file data.txt (compact mmCIF, C-alpha atoms)
# COMPACT_ATOMS: atom_id res chain seq x y z
CA MET A 351 -36.44 229.63 -0.01
CA ALA A 352 -37.53 228.90 -3.60
CA ALA A 353 -34.94 228.75 -6.37
CA GLU A 354 -35.02 231.73 -8.70
CA GLU A 355 -34.82 231.35 -12.42
CA LYS A 356 -31.79 232.92 -14.05
CA LYS A 357 -32.65 236.19 -15.70
CA PRO A 358 -31.78 236.60 -19.37
CA VAL A 359 -28.52 238.36 -20.18
CA ARG A 360 -29.03 242.11 -20.13
CA GLU A 361 -26.68 243.47 -22.76
CA ASP A 362 -27.71 247.01 -21.87
CA LEU A 363 -26.33 246.84 -18.29
CA TYR A 364 -22.79 247.77 -17.25
CA ALA A 365 -21.13 247.19 -13.88
CA ILE A 366 -19.84 250.34 -12.23
CA GLY A 367 -19.04 249.02 -8.76
CA ARG A 368 -18.86 245.97 -6.53
CA ILE A 369 -20.31 245.84 -3.02
CA ARG A 370 -17.38 244.92 -0.77
CA LYS A 371 -18.61 245.41 2.80
CA CYS A 372 -21.11 247.07 5.08
CA SER A 373 -20.61 250.38 6.83
CA GLY A 374 -22.38 250.80 10.15
CA VAL A 375 -25.78 249.41 11.09
CA LYS A 376 -28.14 251.48 8.91
CA GLY A 377 -27.70 249.53 5.67
CA GLU A 378 -24.89 251.54 4.11
CA LEU A 379 -22.63 249.69 1.66
CA VAL A 380 -18.97 250.22 0.80
CA VAL A 381 -18.71 249.97 -2.99
CA GLU A 382 -15.45 249.47 -4.88
CA SER A 383 -15.68 251.74 -7.91
CA MET A 384 -15.08 250.16 -11.31
CA THR A 385 -15.21 253.48 -13.09
CA PRO A 386 -12.52 256.15 -13.43
CA ASN A 387 -14.95 258.81 -12.16
CA SER A 388 -16.07 257.77 -8.68
CA HIS A 389 -18.04 261.04 -8.35
CA ARG A 390 -20.53 259.61 -10.83
CA PHE A 391 -22.22 257.65 -8.01
CA SER A 392 -23.48 260.93 -6.54
CA GLN A 393 -24.94 261.83 -9.96
CA LEU A 394 -27.02 258.64 -10.24
CA ASP A 395 -30.61 258.28 -9.12
CA THR A 396 -30.95 254.51 -9.60
CA VAL A 397 -28.86 251.37 -10.11
CA PHE A 398 -29.52 247.70 -10.75
CA ILE A 399 -28.09 245.07 -8.38
CA GLY A 400 -26.89 241.60 -9.27
CA HIS A 401 -24.21 238.97 -8.88
CA ASP A 402 -23.51 239.17 -12.62
CA ASP A 403 -25.31 240.43 -15.70
CA ARG A 404 -27.40 237.25 -15.86
CA GLU A 405 -28.78 237.57 -12.34
CA VAL A 406 -29.64 241.25 -12.15
CA ARG A 407 -32.72 242.44 -10.33
CA LEU A 408 -34.76 243.95 -13.09
CA ASN A 409 -36.21 246.67 -10.89
CA ALA A 410 -34.02 249.69 -10.38
CA VAL A 411 -33.03 250.57 -6.80
CA CYS A 412 -32.93 254.24 -5.80
CA ILE A 413 -29.74 255.73 -4.39
CA GLU A 414 -30.49 257.75 -1.27
CA SER A 415 -26.99 259.07 -0.62
CA THR A 416 -23.30 258.61 -1.35
CA ARG A 417 -20.08 259.72 0.29
CA PRO A 418 -16.38 259.02 -0.20
CA HIS A 419 -14.69 256.24 1.77
CA ARG A 420 -11.00 255.33 1.96
CA ARG A 421 -11.76 252.07 0.13
CA GLY A 422 -14.37 253.29 -2.32
CA ILE A 423 -17.75 254.94 -1.97
CA VAL A 424 -20.37 254.50 0.74
CA VAL A 425 -23.75 254.07 -0.92
CA LYS A 426 -27.13 254.07 0.83
CA LEU A 427 -29.84 252.35 -1.19
CA LYS A 428 -33.55 252.84 -0.62
CA GLY A 429 -35.09 249.87 1.19
CA ILE A 430 -31.77 248.63 2.60
CA ASP A 431 -32.16 249.99 6.12
CA ASP A 432 -30.22 247.63 8.37
CA ARG A 433 -26.97 245.71 8.40
CA ASN A 434 -28.67 242.32 7.87
CA ARG A 435 -30.23 243.46 4.57
CA ALA A 436 -26.95 245.08 3.55
CA GLU A 437 -24.98 241.88 4.23
CA GLU A 438 -27.25 240.00 1.81
CA LEU A 439 -25.85 242.17 -0.99
CA LEU A 440 -22.14 241.62 -0.33
CA GLY A 441 -20.27 240.58 -3.47
CA ASN A 442 -22.99 241.86 -5.79
CA TYR A 443 -22.40 244.50 -8.46
CA LEU A 444 -24.11 247.80 -9.14
CA PHE A 445 -25.11 248.20 -12.79
CA VAL A 446 -26.26 251.13 -14.91
CA LEU A 447 -27.97 251.23 -18.28
CA ARG A 448 -25.92 251.86 -21.43
CA GLU A 449 -27.17 255.44 -21.70
CA GLU A 450 -25.93 256.18 -18.15
CA ARG A 451 -22.33 255.15 -18.83
CA ILE A 452 -19.77 257.92 -18.67
CA THR A 453 -18.34 259.35 -21.87
CA LEU A 454 -14.72 258.30 -22.30
CA PRO A 455 -11.96 260.34 -23.93
CA PRO A 456 -10.91 259.34 -27.46
CA GLU A 457 -8.92 256.08 -27.74
CA THR A 458 -10.12 255.00 -24.29
CA TYR A 459 -12.35 251.94 -23.90
CA PHE A 460 -14.42 250.16 -21.32
CA VAL A 461 -13.04 246.77 -20.25
CA ASP A 462 -16.16 245.02 -21.50
CA ASP A 463 -15.60 246.61 -24.93
CA ILE A 464 -12.13 245.00 -25.12
CA LEU A 465 -13.15 241.54 -23.87
CA GLY A 466 -13.80 239.17 -26.75
CA LEU A 467 -11.95 241.18 -29.39
CA ARG A 468 -10.07 239.14 -32.00
CA VAL A 469 -6.38 239.98 -31.97
CA GLU A 470 -4.37 240.16 -35.20
CA ASP A 471 -0.91 241.38 -36.08
CA GLU A 472 -0.37 244.15 -38.64
CA ASP A 473 -0.33 241.59 -41.47
CA GLY A 474 -3.69 240.10 -40.43
CA ALA A 475 -2.31 236.91 -38.82
CA GLN A 476 -4.56 235.65 -36.01
CA ILE A 477 -3.03 235.93 -32.52
CA GLY A 478 -6.07 234.97 -30.42
CA THR A 479 -8.96 236.48 -28.45
CA VAL A 480 -8.89 238.88 -25.49
CA VAL A 481 -10.23 236.93 -22.48
CA ASP A 482 -9.27 239.25 -19.61
CA VAL A 483 -7.91 242.70 -18.86
CA LEU A 484 -5.43 243.05 -16.01
CA ARG A 485 -5.53 246.53 -14.44
CA LEU A 486 -1.87 247.04 -13.44
CA PRO A 487 -0.25 250.22 -12.08
CA ALA A 488 1.81 250.99 -15.21
CA GLN A 489 -0.84 250.08 -17.82
CA ASP A 490 -3.57 247.62 -18.60
CA VAL A 491 -2.50 244.23 -19.95
CA TYR A 492 -4.73 242.28 -22.33
CA VAL A 493 -4.77 238.53 -21.71
CA VAL A 494 -5.06 236.83 -25.10
CA LYS A 495 -5.68 233.10 -25.57
CA GLN A 496 -5.35 230.89 -28.60
CA LYS A 497 -5.08 227.09 -28.83
CA GLY A 498 -4.16 226.50 -25.20
CA ARG A 499 -1.62 229.33 -25.06
CA GLU A 500 -1.94 232.61 -23.23
CA PHE A 501 -0.16 235.85 -24.07
CA TRP A 502 -0.07 239.10 -22.14
CA ILE A 503 -0.22 242.15 -24.41
CA PRO A 504 0.59 245.50 -22.75
CA SER A 505 -1.85 248.24 -23.69
CA VAL A 506 0.74 250.75 -24.89
CA ARG A 507 0.87 252.83 -28.09
CA GLU A 508 4.00 251.02 -29.30
CA ILE A 509 2.06 247.73 -29.46
CA ILE A 510 -1.64 248.54 -29.86
CA ARG A 511 -2.10 249.80 -33.43
CA SER A 512 -5.89 250.00 -33.63
CA VAL A 513 -9.10 249.05 -31.87
CA ASP A 514 -12.15 248.55 -34.08
CA LEU A 515 -15.16 247.86 -31.86
CA ARG A 516 -17.49 247.57 -34.84
CA LYS A 517 -15.37 244.79 -36.38
CA ARG A 518 -14.50 243.43 -32.88
CA LEU A 519 -10.79 243.61 -33.83
CA LEU A 520 -7.63 244.60 -31.96
CA ARG A 521 -4.61 245.01 -34.25
CA ILE A 522 -1.15 244.88 -32.64
CA HIS A 523 2.47 245.45 -33.59
CA VAL A 524 4.39 242.34 -32.56
CA ILE A 525 7.76 243.16 -31.03
CA GLU A 526 10.48 240.61 -30.37
CA GLY A 527 9.59 238.28 -27.50
CA LEU A 528 5.98 239.47 -27.16
CA LEU A 529 4.43 236.16 -28.20
CA GLU A 530 6.97 233.79 -26.69
CA SER A 531 5.43 231.68 -23.96
CA GLN A 532 8.55 231.73 -21.79
CA GLN A 533 8.36 235.52 -21.46
CA LEU A 534 4.91 237.05 -21.08
CA GLY A 535 2.64 234.20 -22.09
CA ARG A 536 2.34 230.82 -20.38
CA SER A 537 0.93 227.49 -21.39
CA VAL A 538 -2.63 226.92 -20.27
CA GLU A 539 -4.28 223.52 -19.80

call {"tool": "encode", "arguments": {"input": "data.txt", "output": "structure tokens"}}
result
Amino acid sequence: MAAEEKKPVREDLYAIGRIRKCSGVKGELVVESMTPNSHRFSQLDTVFIGHDDREVRLNAVCIESTRPHRRGIVVKLKGIDDRNRAEELLGNYLFVLREERITLPPETYFVDDILGLRVEDEDGAQIGTVVDVLRLPAQDVYVVKQKGREFWIPSVREIIRSVDLRKRLLRIHVIEGLLESQQLGRSVE
């Protein structure tokens, strides 16, 4: 098998689900939804498939059918007609174009919008950069790194003061103990 060149980064693609396993022998895939509205899969005609946004197949793949599953959504893609072909896609993501993303309520953001934001306190002092978002039962937690330290910032109104996607800035209210490494943050090598 010949090595494929890496595709250029597609900044207009957004992951909406990850292929976790096969369902049956006819090429159906169980997809873990990465979107709050799992019904949106039934509203899509096409998706892009890839391991990450750098290795996405540039040709759209048609969705033949979808149905709910206890661990996500079962998706049948055109041209994936047996279990062997389906198994080749395990671990890959399903992507949609920017214009096919769902519309979020006010003051709600996509994870990829939050990643990379600079974090400052209310006085403009630099705290770090958001490097990950932990999706926890109570609320999301923003993982912020700066100079080898890591802080966990809960995404709650008492702490998050503003999100400015245009300026790529997250402004927070620092409460006692929030930025102490022995509490929420930890030293990182």

call {"tool": "residues_around", "arguments": {"input": "data.txt", "residues": "A:Ala410", "least_positions_apart": "4", "cutoff": "6 Å", "atoms": "all atoms listed in the file", "output": "ChimeraX atom specification"}}
result
/A:396-398

call {"tool": "atom_distance", "arguments": {"input": "data.txt", "atom1": "atom CA of A:Gly400", "atom2": "atom CA of A:Asn442"}}
result
5.2 Å

call {"tool": "closest_residue", "arguments": {"input": "data.txt", "among": "A:Leu467, A:Leu519, A:Ala488, A:Val380", "to": "A:Leu444", "atoms": "only C-alpha atoms"}}
result
A:Val380

call {"tool": "closest_residue", "arguments": {"input": "data.txt", "among": "A:Leu379, A:Leu439, A:Val493, A:Val469", "to": "A:Ile399", "atoms": "all atoms listed in the file"}}
result
A:Leu439

call {"tool": "atom_distance", "arguments": {"input": "data.txt", "atom1": "atom CA of A:Ile369", "atom2": "atom CA of A:Arg451"}}
result
18.5 Å

call {"tool": "closest_residue", "arguments": {"input": "data.txt", "among": "A:Pro487, A:Gly466, A:Gly498, A:Gly367", "to": "A:Phe391", "atoms": "only C-alpha atoms"}}
result
A:Gly367

call {"tool": "residues_near_point", "arguments": {"input": "data.txt", "point": "(-8.3, 247.9, -22.7)", "cutoff": "10 Å", "atoms": "only C-alpha atoms", "output": "list in words"}}
result
Glu457, Thr458, Tyr459, Phe460, Val461, Asp462, Asp463, Ile464, Leu465, Val480, Asp482, Val483, Leu484, Arg485, Gln489, Asp490, Val491, Tyr492, Pro504, Ser505, Val506, Ile510, Val513 and Leu520 of chain A

call {"tool": "closest_residue", "arguments": {"input": "data.txt", "among": "A:Gly441, A:Glu378, A:Arg518, A:Thr385", "to": "A:Leu454", "atoms": "only C-alpha atoms"}}
result
A:Thr385

call {"tool": "residues_around", "arguments": {"input": "data.txt", "residues": "stretch 522-525 of chain A", "least_positions_apart": "6", "cutoff": "6 Å", "atoms": "all atoms listed in the file", "output": "VMD selection string"}}
result
chain A and resid 471 to 472 509 to 511

call {"tool": "closest_residue", "arguments": {"input": "data.txt", "among": "A:Ile423, A:Cys372, A:Leu528, A:Ile413", "to": "A:Met384", "atoms": "only C-alpha atoms"}}
result
A:Ile423

call {"tool": "closest_residue", "arguments": {"input": "data.txt", "among": "A:Asp432, A:Glu526, A:Glu437, A:Glu449", "to": "A:Asp362", "atoms": "all atoms listed in the file"}}
result
A:Glu449

call {"tool": "atom_distance", "arguments": {"input": "data.txt", "atom1": "atom CA of A:Val446", "atom2": "atom CA of A:Ile366"}}
result
7.0 Å

call {"tool": "residues_around", "arguments": {"input": "data.txt", "residues": "A:Lys376", "least_positions_apart": "4", "cutoff": "8 Å", "atoms": "all atoms listed in the file", "output": "list of chain:residue names"}}
result
A:Ile430, A:Asp431, A:Asp432, A:Arg433

call {"tool": "decode", "arguments": {"input": "data.txt", "residues": "stretch 448-495 of chain A", "atoms": "C-alpha atoms", "output": "short mmCIF file (atom, residue, chain, number, x, y, z; two decimals), in the first residue's frame"}}
result
data_model
loop_
_atom_site.label_atom_id
_atom_site.label_comp_id
_atom_site.auth_asym_id
_atom_site.auth_seq_id
_atom_site.Cartn_x
_atom_site.Cartn_y
_atom_site.Cartn_z
CA ARG A 448 -18.70 25.24 8.76
CA GLU A 449 -22.05 26.16 7.21
CA GLU A 450 -23.54 22.82 8.35
CA ARG A 451 -22.71 23.33 12.04
CA ILE A 452 -25.67 23.70 14.34
CA THR A 453 -26.60 27.12 15.68
CA LEU A 454 -25.80 27.38 19.38
CA PRO A 455 -27.73 29.37 21.96
CA PRO A 456 -26.19 32.67 23.12
CA GLU A 457 -23.12 32.35 25.38
CA THR A 458 -22.59 28.76 24.26
CA TYR A 459 -19.48 27.79 22.28
CA PHE A 460 -18.04 24.91 20.36
CA VAL A 461 -15.03 23.25 22.01
CA ASP A 462 -12.83 24.13 19.06
CA ASP A 463 -13.79 27.79 19.52
CA ILE A 464 -12.48 27.71 23.11
CA LEU A 465 -9.24 25.83 22.38
CA GLY A 466 -6.33 28.22 21.95
CA LEU A 467 -7.96 31.20 23.65
CA ARG A 468 -5.64 33.40 25.72
CA VAL A 469 -6.79 33.56 29.32
CA GLU A 470 -6.54 36.78 31.33
CA ASP A 471 -7.87 37.89 34.68
CA GLU A 472 -10.15 40.93 35.01
CA ASP A 473 -7.12 43.24 35.29
CA GLY A 474 -5.57 41.91 32.06
CA ALA A 475 -2.86 39.76 33.69
CA GLN A 476 -1.96 36.74 31.54
CA ILE A 477 -3.01 33.37 33.01
CA GLY A 478 -2.19 31.10 30.05
CA THR A 479 -3.79 29.43 27.03
CA VAL A 480 -6.70 26.96 26.86
CA VAL A 481 -5.22 23.64 25.67
CA ASP A 482 -8.11 21.25 26.41
CA VAL A 483 -11.75 21.16 27.46
CA LEU A 484 -12.83 18.45 29.88
CA ARG A 485 -16.51 17.55 29.47
CA LEU A 486 -17.50 16.69 33.06
CA PRO A 487 -21.02 15.95 34.40
CA ALA A 488 -21.37 19.19 36.41
CA GLN A 489 -19.77 21.56 33.87
CA ASP A 490 -16.97 21.85 31.36
CA VAL A 491 -13.50 22.56 32.73
CA TYR A 492 -10.96 24.52 30.69
CA VAL A 493 -7.40 23.21 30.97
CA VAL A 494 -5.09 26.23 30.85
CA LYS A 495 -1.29 26.00 30.55
#
